[in-house]
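Enquirer: Contents of target-v4.cif (mmCIF, C-alpha atoms and all ligand atoms) are given next:
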data_data
#
loop_
_atom_site.label_atom_id
_atom_site.label_comp_id
_atom_site.auth_asym_id
_atom_site.auth_seq_id
_atom_site.Cartn_x
_atom_site.Cartn_y
_atom_site.Cartn_z
CA MET R 1438 67.04 90.87 -2.41
CA THR R 1439 70.30 92.77 -2.97
CA VAL R 1440 72.47 92.74 0.12
CA GLN R 1441 76.12 93.42 0.90
CA ILE R 1442 78.09 91.33 3.35
CA ARG R 1443 81.39 92.77 4.55
CA PRO R 1444 83.52 93.35 7.66
CA MET R 1445 82.06 96.12 9.83
CA THR R 1446 84.23 99.15 10.51
CA LEU R 1447 84.21 101.25 13.65
CA ARG R 1448 82.71 104.14 11.63
CA GLU R 1449 79.79 101.97 10.58
CA CYS R 1450 79.05 101.07 14.21
CA ARG R 1451 77.11 104.28 14.75
CA ARG R 1452 74.22 105.53 16.87
CA GLY R 1453 70.93 104.08 15.67
CA LEU R 1454 72.60 101.03 14.12
CA PHE R 1455 70.07 98.68 15.69
CA ARG R 1456 67.03 100.97 15.50
CA ARG R 1457 65.32 98.87 12.82
CA PHE R 1458 66.87 95.55 13.81
CA VAL R 1459 64.27 93.00 14.93
CA ARG R 1460 65.83 90.54 17.39
CA HIS R 1461 62.46 89.13 18.36
CA SER R 1462 62.23 85.36 18.63
CA THR R 1463 59.86 83.07 20.45
CA ASP R 1464 59.77 79.34 20.96
CA THR R 1465 57.82 76.69 22.82
CA HIS R 1466 60.77 74.51 23.86
CA ILE R 1467 64.27 75.05 25.21
CA TRP R 1468 67.30 72.82 25.82
CA LYS R 1469 68.18 72.39 29.50
CA ASN R 1470 71.09 70.16 30.57
CA GLY R 1471 70.95 68.32 27.25
CA VAL R 1472 67.17 67.70 27.39
CA LEU R 1473 64.50 69.43 25.34
CA VAL R 1474 61.80 70.70 27.69
CA GLU R 1475 58.53 72.50 27.07
CA GLN R 1476 59.02 76.09 28.21
CA SER R 1477 58.02 79.32 26.56
CA PHE R 1478 60.94 81.39 25.34
CA MET R 1479 61.10 84.98 24.20
CA ARG R 1480 63.99 87.29 23.33
CA GLU R 1481 63.53 90.88 22.33
CA TRP R 1482 65.71 93.98 22.20
CA ASP R 1483 64.03 97.12 23.45
CA ARG R 1484 65.47 100.60 22.86
CA ALA R 1485 67.74 100.45 25.88
CA LYS R 1486 69.11 97.06 24.84
CA CYS R 1487 69.69 98.34 21.27
CA ARG R 1488 71.74 101.19 22.74
CA ARG R 1489 73.74 98.74 24.84
CA MET R 1490 74.31 96.62 21.74
CA GLU R 1491 75.67 99.64 19.85
CA ASP R 1492 78.05 100.53 22.67
CA GLY R 1493 79.00 96.91 23.26
CA LEU R 1494 79.70 96.17 19.61
CA ARG R 1495 81.77 99.34 19.26
CA GLN R 1496 83.85 98.29 22.26
CA LYS R 1497 84.25 94.77 20.88
CA LEU R 1498 85.47 96.17 17.54
CA LYS R 1499 88.06 98.23 19.41
CA GLU R 1500 89.17 95.08 21.25
CA GLY R 1501 89.79 93.29 17.96
CA CYS R 1502 86.58 91.34 17.43
CA ALA R 1503 85.98 90.32 13.82
CA VAL R 1504 82.50 91.59 12.94
CA HIS R 1505 80.78 90.86 9.63
CA ALA R 1506 77.60 92.69 8.73
CA VAL R 1507 74.85 92.26 6.18
CA TRP R 1508 73.50 95.54 4.80
CA LYS R 1509 70.40 96.20 2.77
CA ARG R 1510 71.15 99.66 1.47
CA ARG R 1511 72.26 101.34 4.73
CA GLN R 1512 70.19 99.14 7.02
CA LEU R 1513 71.85 96.50 9.17
CA ILE R 1514 69.95 93.22 8.70
CA GLY R 1515 72.43 90.67 10.09
CA PHE R 1516 75.78 90.39 11.81
CA CYS R 1517 78.20 88.02 13.50
CA ALA R 1518 81.19 88.62 15.75
CA VAL R 1519 84.15 86.41 16.66
CA GLU R 1520 86.19 87.34 19.73
CA PRO R 1521 89.99 87.52 19.44
CA MET R 1522 91.04 85.77 22.66
CA PRO R 1523 91.43 81.99 22.76
CA TYR R 1524 89.55 79.78 25.22
CA GLY R 1525 89.84 76.15 26.25
CA SER R 1526 92.46 73.92 27.90
CA ASP R 1527 94.70 74.17 24.83
CA GLY R 1528 93.55 77.56 23.54
CA GLN R 1529 91.73 75.61 20.82
CA TYR R 1530 88.56 77.74 20.73
CA LEU R 1531 87.60 81.16 19.49
CA ASN R 1532 84.19 82.30 20.64
CA LEU R 1533 81.31 83.28 18.39
CA LEU R 1534 79.95 86.16 20.43
CA PHE R 1535 77.00 87.16 18.19
CA LEU R 1536 75.11 85.82 15.21
CA HIS R 1537 71.79 87.44 14.47
CA VAL R 1538 69.59 88.01 11.46
CA SER R 1539 66.79 90.55 11.71
CA LYS R 1540 63.43 88.79 11.75
CA PRO R 1541 62.05 89.85 8.33
CA TYR R 1542 65.21 88.51 6.66
CA ARG R 1543 65.45 85.09 8.31
CA GLY R 1544 65.11 81.85 6.35
CA GLN R 1545 66.90 83.21 3.27
CA GLY R 1546 70.36 81.79 3.84
CA LEU R 1547 71.92 84.83 5.54
CA GLY R 1548 72.51 83.08 8.87
CA ALA R 1549 74.38 80.27 7.08
CA LYS R 1550 76.52 82.80 5.18
CA LEU R 1551 77.39 84.66 8.37
CA PHE R 1552 78.18 81.42 10.16
CA ALA R 1553 80.56 80.40 7.33
CA LEU R 1554 82.29 83.80 7.57
CA ALA R 1555 82.67 83.40 11.34
CA CYS R 1556 84.24 79.94 10.83
CA ASN R 1557 86.62 81.31 8.17
CA GLU R 1558 87.62 84.15 10.46
CA ALA R 1559 88.29 81.83 13.43
CA ARG R 1560 90.27 79.44 11.20
CA ALA R 1561 92.34 82.32 9.79
CA ARG R 1562 93.14 83.39 13.35
CA GLY R 1563 94.50 79.94 14.13
CA ALA R 1564 91.62 78.37 16.07
CA GLN R 1565 90.97 74.64 15.84
CA LYS R 1566 87.34 75.03 16.85
CA LEU R 1567 84.63 77.66 17.05
CA TYR R 1568 82.79 77.77 20.41
CA LEU R 1569 79.36 79.27 20.81
CA GLY R 1570 76.81 79.69 23.53
CA ALA R 1571 73.63 79.12 21.55
CA ALA R 1572 70.38 80.68 22.71
CA PRO R 1573 68.79 77.56 24.24
CA ASN R 1574 65.53 77.59 22.26
CA LYS R 1575 64.73 74.68 19.96
CA ASP R 1576 64.92 76.62 16.67
CA THR R 1577 68.29 78.24 17.35
CA VAL R 1578 69.89 74.97 18.44
CA ALA R 1579 68.36 73.28 15.34
CA PHE R 1580 69.95 75.94 13.13
CA TYR R 1581 73.41 75.37 14.67
CA ARG R 1582 73.02 71.61 14.37
CA ARG R 1583 72.17 72.10 10.70
CA MET R 1584 75.43 74.07 10.45
CA GLY R 1585 77.28 71.01 11.84
CA CYS R 1586 77.63 72.09 15.48
CA THR R 1587 77.48 69.64 18.38
CA GLU R 1588 77.56 70.08 22.13
CA ALA R 1589 80.89 71.60 23.20
CA VAL R 1590 83.46 69.09 24.45
CA GLU R 1591 84.71 71.68 26.95
CA HIS R 1592 82.26 73.97 28.68
CA ILE R 1593 83.96 77.35 29.17
CA GLN R 1594 82.96 78.45 32.65
CA GLU R 1595 83.68 82.14 32.06
CA LEU R 1596 81.29 82.18 29.09
CA ILE R 1597 78.68 80.07 30.89
CA ASP R 1598 78.78 82.48 33.85
CA ALA R 1599 78.03 85.36 31.47
CA GLU R 1600 75.03 83.57 29.87
CA PRO R 1601 74.04 80.66 32.14
CA ASP R 1602 71.04 79.51 30.05
CA ASP R 1603 72.95 79.22 26.78
CA TYR R 1604 73.67 75.85 25.22
CA PRO R 1605 77.46 75.37 24.78
CA MET R 1606 78.21 74.16 21.25
CA GLU R 1607 81.23 73.87 18.96
CA ILE R 1608 82.31 73.05 15.45
CA ALA R 1609 85.72 71.81 14.32
CA LEU R 1610 87.31 74.11 11.76
C1 LIG R 1701 69.40 81.54 14.05
C2 LIG R 1701 69.48 82.50 12.86
C3 LIG R 1701 70.81 83.26 12.92
C4 LIG R 1701 69.44 81.69 11.55
O1 LIG R 1701 69.56 82.60 10.47
P1 LIG R 1701 68.68 82.41 9.16
O2 LIG R 1701 69.13 83.41 8.16
O3 LIG R 1701 67.24 82.41 9.52
O4 LIG R 1701 69.11 80.92 8.72
P2 LIG R 1701 69.33 80.38 7.24
O5 LIG R 1701 68.20 80.81 6.38
O6 LIG R 1701 70.70 80.75 6.77
O7 LIG R 1701 69.27 78.81 7.47
C5 LIG R 1701 70.40 77.97 7.25
C6 LIG R 1701 69.98 76.54 7.38
O8 LIG R 1701 69.53 76.28 8.70
C7 LIG R 1701 68.25 75.69 8.66
N1 LIG R 1701 67.45 76.15 9.78
C8 LIG R 1701 67.21 77.42 10.16
N2 LIG R 1701 66.38 77.44 11.22
C9 LIG R 1701 66.09 76.13 11.47
C10 LIG R 1701 65.25 75.47 12.41
N3 LIG R 1701 64.54 76.14 13.30
N4 LIG R 1701 65.19 74.11 12.38
C11 LIG R 1701 65.89 73.41 11.49
N5 LIG R 1701 66.69 73.98 10.55
C12 LIG R 1701 66.77 75.32 10.56
C13 LIG R 1701 67.65 76.20 7.37
O9 LIG R 1701 66.60 75.34 6.92
C14 LIG R 1701 68.82 76.17 6.45
O10 LIG R 1701 69.02 74.85 6.02
P3 LIG R 1701 69.21 74.49 4.45
O11 LIG R 1701 70.62 74.89 4.15
O12 LIG R 1701 68.98 73.03 4.39
O13 LIG R 1701 68.21 75.28 3.70
C15 LIG R 1701 68.29 83.48 12.84
O14 LIG R 1701 67.10 82.75 12.77
C16 LIG R 1701 68.24 84.41 14.03
O15 LIG R 1701 68.88 85.46 14.02
N6 LIG R 1701 67.45 84.03 15.05
C17 LIG R 1701 67.28 84.87 16.23
C18 LIG R 1701 68.58 85.18 16.94
C19 LIG R 1701 69.32 83.95 17.35
O16 LIG R 1701 68.77 82.98 17.85
N7 LIG R 1701 70.62 84.02 17.15
C20 LIG R 1701 71.52 83.05 17.64
C21 LIG R 1701 71.87 83.45 19.03
S1 LIG R 1701 73.12 82.39 19.65
#
Kindly present the structure from the file in structure tokens form.
Expert:
Amino acid sequence: MTVQIRPMTLRECRRGLFRRFVRHSTDTHIWKNGVLVEQSFMREWDRAKCRRMEDGLRQKLKEGCAVHAVWKRRQLIGFCAVEPMPYGSDGQYLNLLFLHVSKPYRGQGLGAKLFALACNEARARGAQKLYLGAAPNKDTVAFYRRMGCTEAVEHIQELIDAEPDDYPMEIAL
């Protein structure tokens, strides 16, 4: 599969960007307060959510988020975004806001490549650690553990309030 991975520009963040993007994921278990429990999990982006993602990502680019995108011809098949503002007691964290690979393209190493780019970006911006609120399902947490992430030493309340079910994780850079 020939793909291009590069920083996303504001111009590329256009209407319809997510039209063919498949966010869908399901699982049978989720992490809750550090314990894996049996609970069905499903995440999906409908049309309205895709629109909100377009608008949200555009705004984040304007605010200085570093966004990397994977393109197959002109189709977006993966992306990650690192926020510019530091978090944590010593400003040690930058936050990984998004990391998604469209369903038909998962399991081919793209998530790992995007994660490495997010780490490089955070390191280049002076962070000591990358923070992320992982979707709490078993598979997503397993992916981040494979990437070397562990439970976050500091739980960032502001980010937890925004996504209370997420599993706070970090990796030293
Ligand atoms: C999580 C996600 C980004 C991973 O991307 P991906 O392209 O499928 O992952 P990769 O193919 O790069 O996998 C990288 C490594 O993680 C491992 N991995 C991936 N999923 C795993 C799982 N469920 N359990 C254990 N290891 C897993 C792979 O085996 C691979 O290891 P390897 O280097 O030994 O081969 C992708 O599945 C996704 O977008 N899921 C839905 C959205 C989501 O959950 N995003 C995160 C929100 S916080």
Enquirer: Return as a tab-separated table the residues of chain R lying at most 10 Å from ligand LIG 1701 (chain R), together with the closest atom-to-atom pair for each and the distance in Å to one decimal, counting all atoms listed in the file, with rows in chain order and ascending residue number.
Expert:
residue	atom	partner	partner_atom	distance
R:Val1459	CA	R:LIG1701	C17	8.8
R:Arg1460	CA	R:LIG1701	C17	6.0
R:His1461	CA	R:LIG1701	C17	6.8
R:Ser1462	CA	R:LIG1701	C17	5.6
R:Thr1463	CA	R:LIG1701	C17	8.7
R:Asp1464	CA	R:LIG1701	N3	9.6
R:Arg1480	CA	R:LIG1701	C18	8.1
R:Glu1481	CA	R:LIG1701	C18	9.3
R:Ile1514	CA	R:LIG1701	O15	9.5
R:Gly1515	CA	R:LIG1701	O15	7.4
R:Phe1516	CA	R:LIG1701	C3	8.8
R:Cys1517	CA	R:LIG1701	C3	8.8
R:Leu1533	CA	R:LIG1701	S1	8.3
R:Leu1534	CA	R:LIG1701	S1	7.8
R:Phe1535	CA	R:LIG1701	S1	6.3
R:Leu1536	CA	R:LIG1701	C20	5.1
R:His1537	CA	R:LIG1701	O15	3.5
R:Val1538	CA	R:LIG1701	O15	3.7
R:Ser1539	CA	R:LIG1701	O15	6.0
R:Lys1540	CA	R:LIG1701	O15	6.8
R:Pro1541	CA	R:LIG1701	O3	9.1
R:Tyr1542	CA	R:LIG1701	O2	6.6
R:Arg1543	CA	R:LIG1701	O3	3.4
R:Gly1544	CA	R:LIG1701	O5	3.3
R:Gln1545	CA	R:LIG1701	O5	4.1
R:Gly1546	CA	R:LIG1701	O6	3.1
R:Leu1547	CA	R:LIG1701	O2	4.1
R:Gly1548	CA	R:LIG1701	O1	3.4
R:Ala1549	CA	R:LIG1701	O6	3.7
R:Lys1550	CA	R:LIG1701	O6	6.4
R:Leu1551	CA	R:LIG1701	O6	7.9
R:Phe1552	CA	R:LIG1701	C3	8.1
R:Ala1553	CA	R:LIG1701	O6	9.9
R:Leu1569	CA	R:LIG1701	S1	7.1
R:Gly1570	CA	R:LIG1701	S1	6.0
R:Ala1571	CA	R:LIG1701	S1	3.8
R:Ala1572	CA	R:LIG1701	S1	4.4
R:Pro1573	CA	R:LIG1701	S1	7.9
R:Asn1574	CA	R:LIG1701	O16	7.7
R:Lys1575	CA	R:LIG1701	N3	6.8
R:Asp1576	CA	R:LIG1701	N3	3.4
R:Thr1577	CA	R:LIG1701	O16	4.8
R:Val1578	CA	R:LIG1701	N3	7.5
R:Ala1579	CA	R:LIG1701	N4	4.4
R:Phe1580	CA	R:LIG1701	C12	4.1
R:Tyr1581	CA	R:LIG1701	O8	7.2
R:Arg1582	CA	R:LIG1701	N5	7.8
R:Arg1583	CA	R:LIG1701	O8	5.3
R:Met1584	CA	R:LIG1701	O8	6.5
R:Gly1585	CA	R:LIG1701	O8	9.9
R:Asp1603	CA	R:LIG1701	S1	7.8
R:Tyr1604	CA	R:LIG1701	S1	8.6
R:Pro1605	CA	R:LIG1701	S1	9.7
R:Met1606	CA	R:LIG1701	S1	9.8
Enquirer: Given the selection you just returned, output its residues as a file containing C-alpha atoms, formatted as a PDB file, in the frame of the given file.
Expert:
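What landed in part-v3.pdb:
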ATOM      1  CA  VAL R1459      64.270  93.000  14.930  1.00  0.00           C
ATOM      2  CA  ARG R1460      65.830  90.540  17.390  1.00  0.00           C
ATOM      3  CA  HIS R1461      62.460  89.130  18.360  1.00  0.00           C
ATOM      4  CA  SER R1462      62.230  85.360  18.630  1.00  0.00           C
ATOM      5  CA  THR R1463      59.860  83.070  20.450  1.00  0.00           C
ATOM      6  CA  ASP R1464      59.770  79.340  20.960  1.00  0.00           C
ATOM      7  CA  ARG R1480      63.990  87.290  23.330  1.00  0.00           C
ATOM      8  CA  GLU R1481      63.530  90.880  22.330  1.00  0.00           C
ATOM      9  CA  ILE R1514      69.950  93.220   8.700  1.00  0.00           C
ATOM     10  CA  GLY R1515      72.430  90.670  10.090  1.00  0.00           C
ATOM     11  CA  PHE R1516      75.780  90.390  11.810  1.00  0.00           C
ATOM     12  CA  CYS R1517      78.200  88.020  13.500  1.00  0.00           C
ATOM     13  CA  LEU R1533      81.310  83.280  18.390  1.00  0.00           C
ATOM     14  CA  LEU R1534      79.950  86.160  20.430  1.00  0.00           C
ATOM     15  CA  PHE R1535      77.000  87.160  18.190  1.00  0.00           C
ATOM     16  CA  LEU R1536      75.110  85.820  15.210  1.00  0.00           C
ATOM     17  CA  HIS R1537      71.790  87.440  14.470  1.00  0.00           C
ATOM     18  CA  VAL R1538      69.590  88.010  11.460  1.00  0.00           C
ATOM     19  CA  SER R1539      66.790  90.550  11.710  1.00  0.00           C
ATOM     20  CA  LYS R1540      63.430  88.790  11.750  1.00  0.00           C
ATOM     21  CA  PRO R1541      62.050  89.850   8.330  1.00  0.00           C
ATOM     22  CA  TYR R1542      65.210  88.510   6.660  1.00  0.00           C
ATOM     23  CA  ARG R1543      65.450  85.090   8.310  1.00  0.00           C
ATOM     24  CA  GLY R1544      65.110  81.850   6.350  1.00  0.00           C
ATOM     25  CA  GLN R1545      66.900  83.210   3.270  1.00  0.00           C
ATOM     26  CA  GLY R1546      70.360  81.790   3.840  1.00  0.00           C
ATOM     27  CA  LEU R1547      71.920  84.830   5.540  1.00  0.00           C
ATOM     28  CA  GLY R1548      72.510  83.080   8.870  1.00  0.00           C
ATOM     29  CA  ALA R1549      74.380  80.270   7.080  1.00  0.00           C
ATOM     30  CA  LYS R1550      76.520  82.800   5.180  1.00  0.00           C
ATOM     31  CA  LEU R1551      77.390  84.660   8.370  1.00  0.00           C
ATOM     32  CA  PHE R1552      78.180  81.420  10.160  1.00  0.00           C
ATOM     33  CA  ALA R1553      80.560  80.400   7.330  1.00  0.00           C
ATOM     34  CA  LEU R1569      79.360  79.270  20.810  1.00  0.00           C
ATOM     35  CA  GLY R1570      76.810  79.690  23.530  1.00  0.00           C
ATOM     36  CA  ALA R1571      73.630  79.120  21.550  1.00  0.00           C
ATOM     37  CA  ALA R1572      70.380  80.680  22.710  1.00  0.00           C
ATOM     38  CA  PRO R1573      68.790  77.560  24.240  1.00  0.00           C
ATOM     39  CA  ASN R1574      65.530  77.590  22.260  1.00  0.00           C
ATOM     40  CA  LYS R1575      64.730  74.680  19.960  1.00  0.00           C
ATOM     41  CA  ASP R1576      64.920  76.620  16.670  1.00  0.00           C
ATOM     42  CA  THR R1577      68.290  78.240  17.350  1.00  0.00           C
ATOM     43  CA  VAL R1578      69.890  74.970  18.440  1.00  0.00           C
ATOM     44  CA  ALA R1579      68.360  73.280  15.340  1.00  0.00           C
ATOM     45  CA  PHE R1580      69.950  75.940  13.130  1.00  0.00           C
ATOM     46  CA  TYR R1581      73.410  75.370  14.670  1.00  0.00           C
ATOM     47  CA  ARG R1582      73.020  71.610  14.370  1.00  0.00           C
ATOM     48  CA  ARG R1583      72.170  72.100  10.700  1.00  0.00           C
ATOM     49  CA  MET R1584      75.430  74.070  10.450  1.00  0.00           C
ATOM     50  CA  GLY R1585      77.280  71.010  11.840  1.00  0.00           C
ATOM     51  CA  ASP R1603      72.950  79.220  26.780  1.00  0.00           C
ATOM     52  CA  TYR R1604      73.670  75.850  25.220  1.00  0.00           C
ATOM     53  CA  PRO R1605      77.460  75.370  24.780  1.00  0.00           C
ATOM     54  CA  MET R1606      78.210  74.160  21.250  1.00  0.00           C
TER      55      MET R1606
END
Enquirer: Report, in Å with one decimal, the straight-line distance from atom CA of R:Leu1498 to atom CA of R:Met1479.
Expert: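 Taking atom CA of R:Leu1498 as the start and atom CA of R:Met1479 as the end point, the length is 27.6 Å.
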Enquirer: Which centre and which edge lengths, in Å to one decimal, describe the axis-aligned box that holds all listed atoms of stretch 1504-1508 of chain R after 6 Å is added on each side, as AutoDock Vina command-line options?
Expert:
--center_x 78.0 --center_y 93.2 --center_z 8.9 --size_x 21.0 --size_y 16.7 --size_z 20.1
Enquirer: Could you check which of R:Glu1449, R:Pro1444, R:Phe1455, R:Trp1468 is closest to R:Trp1482, using only C-alpha atoms?
Expert: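 Going through R:Glu1449, R:Pro1444, R:Phe1455, R:Trp1468 one by one, the smallest distance to R:Trp1482 is for R:Phe1455.
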Enquirer: So which residues touch R:Leu1567 within 9 Å, counting only C-alpha atoms, skipping near sequence neighbours fewer than 4 positions away, as a PyMOL selection string?
Expert: chain R and resi 1519+1529-1533+1555-1556+1559-1560+1606-1610
Enquirer: Can you list, as a list in words, every protein, DNA or RNA residue that comes within 7 Å of R:His1466 when you count only C-alpha atoms, leaving out same-chain residues fewer than 4 positions away?
Expert: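 What passes the distance filter is Leu1473, Val1474, Glu1475, Gln1476, Ser1477, Asn1574 and Lys1575 of chain R.
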Enquirer: Using only C-alpha atoms, which residues sit within 10 Å of R:Leu1513 once same-chain residues fewer than 5 positions away are excluded, as a VMD selection string?
Expert: chain R and resid 1440 to 1442 1449 to 1450 1454 to 1458 1506 to 1508 1538 to 1539
Enquirer: Leaving out R:Arg1452 and any residue of its chain fewer than 4 positions from it, which residues lie within 12 Å of it when counting only C-alpha atoms, given as a compact mmCIF listing (two decimals) with C-alpha atoms, in the coordinates of the input?
Expert:
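Wrote it out as result-v7.txt, contents follow:
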# COMPACT_ATOMS: atom_id res chain seq x y z
CA LEU R 1447 84.21 101.25 13.65
CA ARG R 1448 82.71 104.14 11.63
CA ARG R 1456 67.03 100.97 15.50
CA ARG R 1457 65.32 98.87 12.82
CA ARG R 1484 65.47 100.60 22.86
CA CYS R 1487 69.69 98.34 21.27
CA ARG R 1488 71.74 101.19 22.74
CA ARG R 1489 73.74 98.74 24.84
CA MET R 1490 74.31 96.62 21.74
CA GLU R 1491 75.67 99.64 19.85
CA ASP R 1492 78.05 100.53 22.67
CA GLY R 1493 79.00 96.91 23.26
CA LEU R 1494 79.70 96.17 19.61
CA ARG R 1495 81.77 99.34 19.26
Enquirer: Between atom CA of R:Leu1554 and atom CA of R:Asp1598, what is the spacing in Å?
Expert: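 It comes out at 26.5 Å.
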Enquirer: Using all atoms listed in the file, which of the listed residues (R:Asn1470, R:Gln1496, R:Ser1526, R:Gln1565) sits closest to R:Thr1446?
Expert: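 Of R:Asn1470, R:Gln1496, R:Ser1526, R:Gln1565, the one nearest R:Thr1446 is R:Gln1496, counting all atoms listed in the file.
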Enquirer: Using Å and a single decimal, report how far atom CA of R:Leu1596 sits from atom CA of R:Gly1453.
Expert: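 The value is 27.7 Å.
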Enquirer: Within 9 Å of (82.9, 70.1, 25.0), only C-alpha atoms: residues as a list in words?
Expert: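 Looking at atoms near the point gives Tyr1568, Thr1587, Glu1588, Ala1589, Val1590, Glu1591, His1592, Ile1593, Pro1605, Met1606 and Glu1607 of chain R.
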